[in-house]
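> I am attaching a structure below and will ask some questions about it afterwards.
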Amino acid sequence: MTKIALFGATGTIGTRVLHEALRRGHEVTAVVRDPAKFPAPADGATTVVRGDVLDPASVAGAVAGHEVVVSAFGPGPGDPAALVTAARSLIGGVRSLGPGAPAPRVVVVGGAGSLRTPGGPLVWDEAGVPAPVLALMHAHGDALDFLRTVPVEEVRWTCLSPAAQIAPGERTGTYRLGLDGLVVDEEGRSRISTEDFAVALVDEIERDAHAGRRFTVAH
Ligand SMILES: NC(=O)c1ccc[n+]([C@@H]2O[C@H](COP(=O)([O-])OP(=O)(O)OC[C@H]3O[C@@H](n4cnc5c(N)ncnc54)[C@H](OP(=O)(O)O)[C@@H]3O)[C@@H](O)[C@H]2O)c1
């Protein structure tokens with residue numbers, strides 16, 4: 001059993017991560033902006049606390065005593081740069097816990113834009129990406145660039161990028177792994193259900209297999 005602090009527990013991806021972690025017997029603290037909008041489930045394994053992922057002091061207060069911090073934070077429309085602020089705040093908050101306490105690992109949900117396609121270009125360099133999506137992709141890329149400056153000896157971080165397409169669907173429990181390259185199927189499509197993305201993320205929590213780097217998953 002791992003004690004997990006989860007930012008974004010009310011979101012599309014965070015909800016699946018919460019359910020996947022609970023079904024495997026982990027304890028989850030859902031760190032939410034407004035606890036009134038997210039009553040604690042009566043499962044005994046979920047705690048709800050108030051917290052703001054953009055504020056390092058708030059992060060530190062919420063994650064102290066946990067083994068793993070997960071961020072499935074998504075910025076509101078028009079504020080993609082908040083992804084970088086969140087990455088800095090998560091790392092800063094964990095760092096501020098000091099040497100007296102074991103630092104929690106940090107697992108961040110990233111974007112697919114900075115993955116390399118089998119044809120050569122990065123996903124965000126392909127034609128036809130709408131401008132707002134492009135801005136989000138580059139903000140995720142900037143957040144990943146920041147994470148890559150953080151020595152794992154200080155904070156054991158990981159970033160998990162989804163496939164090019166991620167949407168709620170079936171939990172098959174299976175997926176294929178990649179690192180910085182887009183994972184595609186035999187027909188060239190890159191897809192993952194949100195449920196299987198959560199399976200992969202909780203697998204990473206349990207296995208600690210990609211410390212200090214980004215990885216990706218797809219069907
Ligand atoms: N879904 C996709 O297609 C997709 C694809 C690639 C990458 N991603 C990335 O995956 C991440 C999660 O995506 P999503 O679709 O699950 O997002 P989402 O449904 O919009 O959820 C965003 C979550 O972030 C929380 N949040 C917002 N501001 C916060 C703050 N200051 N402090 C703490 N929590 C805050 C929201 O909580 P409230 O309830 O308080 O609003 C919500 O739980 C995003 O970074 C997104 O860019 C998503």
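By convention here, the chains of the structure tokens are called A, B, ... in the order presented, each chain's residues are numbered starting at 1, and ligands are numbered starting at 1 in the order presented.
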Going by DSSP on the backbone, which bits of segment 129-165 of chain A are alpha helix (DSSP H)? Write them as number ranges by chain, please.
A: 131-147
> Residues within 12 Å of Val59 of chain A, please, as a PyMOL selection string. Count only C-alpha atoms; anything in the same chain fewer than 2 positions from it doesn't count.
chain A and resi 5-7+30-33+49-57+61-66+69-71+86-97+104+106
> Mind dumping the selected residues with N, CA and C atoms as an mmCIF file, in the first residue's frame?

```cif
data_model
loop_
_atom_site.group_PDB
_atom_site.id
_atom_site.type_symbol
_atom_site.label_atom_id
_atom_site.label_comp_id
_atom_site.auth_asym_id
_atom_site.auth_seq_id
_atom_site.Cartn_x
_atom_site.Cartn_y
_atom_site.Cartn_z
ATOM 1 N N ALA A 5 -0.611 11.342 -2.759
ATOM 2 C CA ALA A 5 -1.303 12.638 -2.799
ATOM 3 C C ALA A 5 -1.586 12.946 -4.262
ATOM 4 N N LEU A 6 -2.852 13.182 -4.585
ATOM 5 C CA LEU A 6 -3.257 13.331 -5.985
ATOM 6 C C LEU A 6 -3.853 14.715 -6.243
ATOM 7 N N PHE A 7 -3.185 15.484 -7.095
ATOM 8 C CA PHE A 7 -3.751 16.747 -7.588
ATOM 9 C C PHE A 7 -4.522 16.450 -8.874
ATOM 10 N N ALA A 30 -6.848 13.156 -1.979
ATOM 11 C CA ALA A 30 -7.225 13.999 -3.107
ATOM 12 C C ALA A 30 -7.021 15.447 -2.687
ATOM 13 N N VAL A 31 -6.119 16.137 -3.383
ATOM 14 C CA VAL A 31 -5.821 17.528 -3.050
ATOM 15 C C VAL A 31 -6.594 18.398 -4.035
ATOM 16 N N VAL A 32 -7.608 19.065 -3.541
ATOM 17 C CA VAL A 32 -8.534 19.781 -4.428
ATOM 18 C C VAL A 32 -8.635 21.242 -4.019
ATOM 19 N N ARG A 33 -9.024 22.061 -4.973
ATOM 20 C CA ARG A 33 -9.143 23.486 -4.662
ATOM 21 C C ARG A 33 -10.334 23.762 -3.765
ATOM 22 N N VAL A 49 -8.297 16.915 0.966
ATOM 23 C CA VAL A 49 -7.771 18.125 1.602
ATOM 24 C C VAL A 49 -7.750 19.255 0.577
ATOM 25 N N ARG A 50 -7.754 20.473 1.096
ATOM 26 C CA ARG A 50 -7.682 21.636 0.218
ATOM 27 C C ARG A 50 -6.222 21.889 -0.167
ATOM 28 N N GLY A 51 -5.986 22.233 -1.423
ATOM 29 C CA GLY A 51 -4.622 22.547 -1.841
ATOM 30 C C GLY A 51 -4.607 23.153 -3.223
ATOM 31 N N ASP A 52 -3.543 23.899 -3.489
ATOM 32 C CA ASP A 52 -3.376 24.574 -4.778
ATOM 33 C C ASP A 52 -2.036 24.160 -5.362
ATOM 34 N N VAL A 53 -2.058 23.491 -6.490
ATOM 35 C CA VAL A 53 -0.818 22.987 -7.083
ATOM 36 C C VAL A 53 0.087 24.118 -7.561
ATOM 37 N N LEU A 54 -0.443 25.324 -7.682
ATOM 38 C CA LEU A 54 0.363 26.455 -8.165
ATOM 39 C C LEU A 54 1.093 27.168 -7.036
ATOM 40 N N ASP A 55 0.894 26.714 -5.808
ATOM 41 C CA ASP A 55 1.481 27.368 -4.628
ATOM 42 C C ASP A 55 2.373 26.357 -3.896
ATOM 43 N N PRO A 56 3.709 26.562 -3.960
ATOM 44 C CA PRO A 56 4.622 25.573 -3.360
ATOM 45 C C PRO A 56 4.351 25.311 -1.881
ATOM 46 N N ALA A 57 3.978 26.353 -1.132
ATOM 47 C CA ALA A 57 3.707 26.158 0.298
ATOM 48 C C ALA A 57 2.479 25.274 0.483
ATOM 49 N N GLY A 61 2.378 21.520 2.267
ATOM 50 C CA GLY A 61 1.449 21.183 3.348
ATOM 51 C C GLY A 61 0.602 19.972 3.014
ATOM 52 N N ALA A 62 0.214 19.865 1.738
ATOM 53 C CA ALA A 62 -0.695 18.781 1.350
ATOM 54 C C ALA A 62 0.015 17.441 1.167
ATOM 55 N N VAL A 63 1.289 17.477 0.758
ATOM 56 C CA VAL A 63 1.944 16.219 0.384
ATOM 57 C C VAL A 63 2.828 15.642 1.494
ATOM 58 N N ALA A 64 3.072 16.410 2.540
ATOM 59 C CA ALA A 64 3.910 15.898 3.630
ATOM 60 C C ALA A 64 3.322 14.578 4.137
ATOM 61 N N GLY A 65 4.182 13.608 4.344
ATOM 62 C CA GLY A 65 3.718 12.318 4.868
ATOM 63 C C GLY A 65 3.264 11.332 3.802
ATOM 64 N N HIS A 66 3.315 11.748 2.532
ATOM 65 C CA HIS A 66 2.947 10.832 1.439
ATOM 66 C C HIS A 66 4.205 10.277 0.778
ATOM 67 N N VAL A 69 3.553 11.747 -4.985
ATOM 68 C CA VAL A 69 2.664 12.841 -5.369
ATOM 69 C C VAL A 69 2.353 12.675 -6.851
ATOM 70 N N VAL A 70 1.082 12.684 -7.205
ATOM 71 C CA VAL A 70 0.687 12.606 -8.610
ATOM 72 C C VAL A 70 0.024 13.916 -8.991
ATOM 73 N N SER A 71 0.416 14.469 -10.136
ATOM 74 C CA SER A 71 -0.292 15.636 -10.645
ATOM 75 C C SER A 71 -0.973 15.309 -11.957
ATOM 76 N N ALA A 86 3.006 24.884 -12.281
ATOM 77 C CA ALA A 86 2.646 23.718 -11.468
ATOM 78 C C ALA A 86 3.844 22.788 -11.287
ATOM 79 N N ALA A 87 4.592 22.564 -12.351
ATOM 80 C CA ALA A 87 5.760 21.675 -12.242
ATOM 81 C C ALA A 87 6.774 22.260 -11.257
ATOM 82 N N ARG A 88 7.023 23.555 -11.379
ATOM 83 C CA ARG A 88 7.965 24.216 -10.459
ATOM 84 C C ARG A 88 7.446 24.172 -9.026
ATOM 85 N N SER A 89 6.167 24.377 -8.862
ATOM 86 C CA SER A 89 5.565 24.406 -7.531
ATOM 87 C C SER A 89 5.594 23.016 -6.882
ATOM 88 N N LEU A 90 5.324 21.989 -7.677
ATOM 89 C CA LEU A 90 5.371 20.612 -7.141
ATOM 90 C C LEU A 90 6.773 20.280 -6.650
ATOM 91 N N ILE A 91 7.754 20.562 -7.510
ATOM 92 C CA ILE A 91 9.138 20.246 -7.131
ATOM 93 C C ILE A 91 9.575 21.123 -5.956
ATOM 94 N N GLY A 92 9.240 22.424 -6.025
ATOM 95 C CA GLY A 92 9.605 23.332 -4.940
ATOM 96 C C GLY A 92 8.965 22.925 -3.622
ATOM 97 N N GLY A 93 7.693 22.543 -3.682
ATOM 98 C CA GLY A 93 6.991 22.126 -2.466
ATOM 99 C C GLY A 93 7.603 20.876 -1.863
ATOM 100 N N VAL A 94 7.940 19.904 -2.700
ATOM 101 C CA VAL A 94 8.554 18.662 -2.205
ATOM 102 C C VAL A 94 9.947 18.951 -1.648
ATOM 103 N N ARG A 95 10.720 19.773 -2.378
ATOM 104 C CA ARG A 95 12.070 20.125 -1.899
ATOM 105 C C ARG A 95 12.010 20.793 -0.531
ATOM 106 N N SER A 96 10.987 21.616 -0.319
ATOM 107 C CA SER A 96 10.923 22.406 0.915
ATOM 108 C C SER A 96 10.617 21.541 2.133
ATOM 109 N N LEU A 97 10.265 20.288 1.910
ATOM 110 C CA LEU A 97 9.972 19.417 3.063
ATOM 111 C C LEU A 97 11.245 19.155 3.872
ATOM 112 N N PRO A 104 8.728 12.681 -1.061
ATOM 113 C CA PRO A 104 7.853 11.868 -1.906
ATOM 114 C C PRO A 104 8.331 11.880 -3.358
ATOM 115 N N VAL A 106 7.511 12.169 -7.368
ATOM 116 C CA VAL A 106 6.555 13.028 -8.074
ATOM 117 C C VAL A 106 6.280 12.426 -9.446
#
```
> Run DSSP on the backbone and grab whatever in chain A lands in strand (DSSP E or B); send it over as a PyMOL selection string.
chain A and resi 3-7+27-32+46-50+68-71+105-109+116+122+157-161+165-167+176-178+181+191-193+213-218
> Hey, which of A:Ala42, A:Val108, A:Ala131, A:Ala60 ends up closest to ligand 1? Count only C-alpha atoms and all ligand atoms.
A:Val108
> Sort by chain and increasing residue number a table of all residues of chain A within 8 Å of ligand 1, each with its closest pair of atoms and their distance in Å to one decimal, counting only C-alpha atoms and all ligand atoms, and write it as CSV.

```
residue,atom,partner,partner_atom_place_in_ligand_line,distance
A:Phe7,CA,ligand 1,34 (N),5.3
A:Gly8,CA,ligand 1,43 (O),3.2
A:Ala9,CA,ligand 1,43 (O),4.9
A:Thr10,CA,ligand 1,43 (O),3.8
A:Gly11,CA,ligand 1,21 (O),3.3
A:Thr12,CA,ligand 1,16 (O),3.6
A:Ile13,CA,ligand 1,16 (O),3.6
A:Gly14,CA,ligand 1,16 (O),5.5
A:Thr15,CA,ligand 1,16 (O),7.6
A:Val31,CA,ligand 1,33 (C),6.6
A:Val32,CA,ligand 1,33 (C),5.3
A:Arg33,CA,ligand 1,40 (O),4.6
A:Asp34,CA,ligand 1,40 (O),6.1
A:Lys37,CA,ligand 1,39 (O),7.5
A:Phe38,CA,ligand 1,39 (O),7.9
A:Gly51,CA,ligand 1,33 (C),6.1
A:Asp52,CA,ligand 1,32 (N),3.6
A:Val53,CA,ligand 1,32 (N),4.0
A:Leu54,CA,ligand 1,31 (N),5.2
A:Asp55,CA,ligand 1,31 (N),7.8
A:Ser71,CA,ligand 1,11 (C),7.9
A:Ala72,CA,ligand 1,12 (C),4.5
A:Phe73,CA,ligand 1,24 (O),3.7
A:Gly74,CA,ligand 1,44 (C),3.7
A:Pro75,CA,ligand 1,27 (C),5.5
A:Gly76,CA,ligand 1,27 (C),6.6
A:Leu83,CA,ligand 1,45 (O),6.7
A:Ala86,CA,ligand 1,31 (N),7.9
A:Val109,CA,ligand 1,10 (O),5.3
A:Gly110,CA,ligand 1,9 (C),5.7
A:Gly111,CA,ligand 1,7 (C),4.2
A:Ala112,CA,ligand 1,6 (C),5.9
A:Leu136,CA,ligand 1,47 (O),6.4
A:Met137,CA,ligand 1,47 (O),7.6
A:His140,CA,ligand 1,47 (O),7.2
A:Ser161,CA,ligand 1,7 (C),6.9
A:Pro162,CA,ligand 1,6 (C),5.7
A:Ala163,CA,ligand 1,6 (C),7.6
A:Ala164,CA,ligand 1,6 (C),7.2
A:Gln165,CA,ligand 1,3 (O),6.5
A:Ile166,CA,ligand 1,3 (O),5.1
A:Ala167,CA,ligand 1,3 (O),6.2
A:Thr194,CA,ligand 1,1 (N),7.8
```
> Can those selected residues be exported to a file as a short mmCIF file (atom, residue, chain, number, x, y, z; two decimals), in the first residue's frame so that it contains N, CA and C atoms?

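Below you can see again09.cif, which holds the result:
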```
data_model
loop_
_atom_site.label_atom_id
_atom_site.label_comp_id
_atom_site.auth_asym_id
_atom_site.auth_seq_id
_atom_site.Cartn_x
_atom_site.Cartn_y
_atom_site.Cartn_z
N PHE A 7 -3.19 15.48 -7.09
CA PHE A 7 -3.75 16.75 -7.59
C PHE A 7 -4.52 16.45 -8.87
N GLY A 8 -5.68 17.09 -9.02
CA GLY A 8 -6.48 16.87 -10.23
C GLY A 8 -7.46 15.72 -10.10
N ALA A 9 -7.77 15.34 -8.87
CA ALA A 9 -8.62 14.15 -8.65
C ALA A 9 -10.03 14.32 -9.20
N THR A 10 -10.44 15.57 -9.47
CA THR A 10 -11.79 15.77 -10.02
C THR A 10 -11.78 15.77 -11.54
N GLY A 11 -10.61 15.67 -12.15
CA GLY A 11 -10.51 15.81 -13.60
C GLY A 11 -10.72 14.50 -14.33
N THR A 12 -10.70 14.58 -15.65
CA THR A 12 -10.95 13.40 -16.50
C THR A 12 -9.92 12.31 -16.23
N ILE A 13 -8.64 12.68 -16.23
CA ILE A 13 -7.59 11.70 -16.00
C ILE A 13 -7.46 11.39 -14.51
N GLY A 14 -7.49 12.43 -13.68
CA GLY A 14 -7.31 12.24 -12.25
C GLY A 14 -8.37 11.33 -11.63
N THR A 15 -9.59 11.42 -12.11
CA THR A 15 -10.66 10.55 -11.60
C THR A 15 -10.31 9.08 -11.83
N VAL A 31 -6.12 16.14 -3.38
CA VAL A 31 -5.82 17.53 -3.05
C VAL A 31 -6.59 18.40 -4.04
N VAL A 32 -7.61 19.07 -3.54
CA VAL A 32 -8.53 19.78 -4.43
C VAL A 32 -8.63 21.24 -4.02
N ARG A 33 -9.02 22.06 -4.97
CA ARG A 33 -9.14 23.49 -4.66
C ARG A 33 -10.33 23.76 -3.77
N ASP A 34 -11.42 22.99 -3.93
CA ASP A 34 -12.63 23.24 -3.16
C ASP A 34 -13.22 21.91 -2.66
N LYS A 37 -16.81 20.71 -3.17
CA LYS A 37 -17.27 20.16 -4.46
C LYS A 37 -16.85 18.71 -4.64
N PHE A 38 -16.11 18.17 -3.66
CA PHE A 38 -15.60 16.80 -3.80
C PHE A 38 -15.67 16.10 -2.45
N GLY A 51 -5.99 22.23 -1.42
CA GLY A 51 -4.62 22.55 -1.84
C GLY A 51 -4.61 23.15 -3.22
N ASP A 52 -3.54 23.90 -3.49
CA ASP A 52 -3.38 24.57 -4.78
C ASP A 52 -2.04 24.16 -5.36
N VAL A 53 -2.06 23.49 -6.49
CA VAL A 53 -0.82 22.99 -7.08
C VAL A 53 0.09 24.12 -7.56
N LEU A 54 -0.44 25.32 -7.68
CA LEU A 54 0.36 26.45 -8.17
C LEU A 54 1.09 27.17 -7.04
N ASP A 55 0.89 26.71 -5.81
CA ASP A 55 1.48 27.37 -4.63
C ASP A 55 2.37 26.36 -3.90
N SER A 71 0.42 14.47 -10.14
CA SER A 71 -0.29 15.64 -10.65
C SER A 71 -0.97 15.31 -11.96
N ALA A 72 -2.30 15.33 -11.92
CA ALA A 72 -3.11 15.28 -13.13
C ALA A 72 -3.76 16.64 -13.31
N PHE A 73 -3.00 17.67 -12.92
CA PHE A 73 -3.47 19.05 -13.03
C PHE A 73 -3.66 19.44 -14.49
N GLY A 74 -4.74 20.13 -14.76
CA GLY A 74 -4.95 20.73 -16.08
C GLY A 74 -5.25 22.20 -15.91
N PRO A 75 -4.60 23.07 -16.68
CA PRO A 75 -4.85 24.51 -16.54
C PRO A 75 -6.19 24.88 -17.17
N GLY A 76 -6.73 25.97 -16.71
CA GLY A 76 -7.96 26.45 -17.33
C GLY A 76 -7.67 26.95 -18.73
N LEU A 83 1.02 25.18 -16.52
CA LEU A 83 1.62 23.84 -16.44
C LEU A 83 3.06 23.92 -15.95
N ALA A 86 3.01 24.88 -12.28
CA ALA A 86 2.65 23.72 -11.47
C ALA A 86 3.84 22.79 -11.29
N VAL A 109 1.47 14.02 -15.00
CA VAL A 109 0.85 13.73 -16.29
C VAL A 109 1.30 14.80 -17.28
N GLY A 110 1.91 14.36 -18.35
CA GLY A 110 2.44 15.29 -19.34
C GLY A 110 1.56 15.36 -20.58
N GLY A 111 2.17 15.85 -21.67
CA GLY A 111 1.47 15.94 -22.94
C GLY A 111 2.16 15.09 -23.99
N ALA A 112 1.51 14.95 -25.13
CA ALA A 112 2.05 14.11 -26.20
C ALA A 112 2.81 14.91 -27.24
N LEU A 136 -0.87 24.37 -25.48
CA LEU A 136 -0.84 23.40 -24.38
C LEU A 136 0.32 22.42 -24.54
N MET A 137 0.51 21.95 -25.77
CA MET A 137 1.61 21.00 -26.04
C MET A 137 2.96 21.61 -25.67
N HIS A 140 3.40 21.92 -21.93
CA HIS A 140 3.80 20.62 -21.37
C HIS A 140 5.28 20.37 -21.66
N SER A 161 3.57 10.74 -20.52
CA SER A 161 2.85 11.36 -21.63
C SER A 161 1.81 10.39 -22.18
N PRO A 162 0.60 10.88 -22.44
CA PRO A 162 -0.39 10.02 -23.08
C PRO A 162 -0.04 9.76 -24.54
N ALA A 163 -0.79 8.85 -25.15
CA ALA A 163 -0.74 8.68 -26.60
C ALA A 163 -1.27 9.96 -27.25
N ALA A 164 -1.19 10.03 -28.57
CA ALA A 164 -1.68 11.22 -29.26
C ALA A 164 -3.16 11.45 -28.99
N GLN A 165 -3.90 10.34 -28.86
CA GLN A 165 -5.32 10.45 -28.53
C GLN A 165 -5.58 9.72 -27.22
N ILE A 166 -6.24 10.40 -26.29
CA ILE A 166 -6.64 9.78 -25.04
C ILE A 166 -8.09 10.16 -24.77
N ALA A 167 -8.90 9.16 -24.46
CA ALA A 167 -10.32 9.42 -24.23
C ALA A 167 -10.86 8.33 -23.32
N THR A 194 -8.43 6.47 -21.24
CA THR A 194 -8.05 7.13 -19.99
C THR A 194 -7.88 6.10 -18.89
#
```
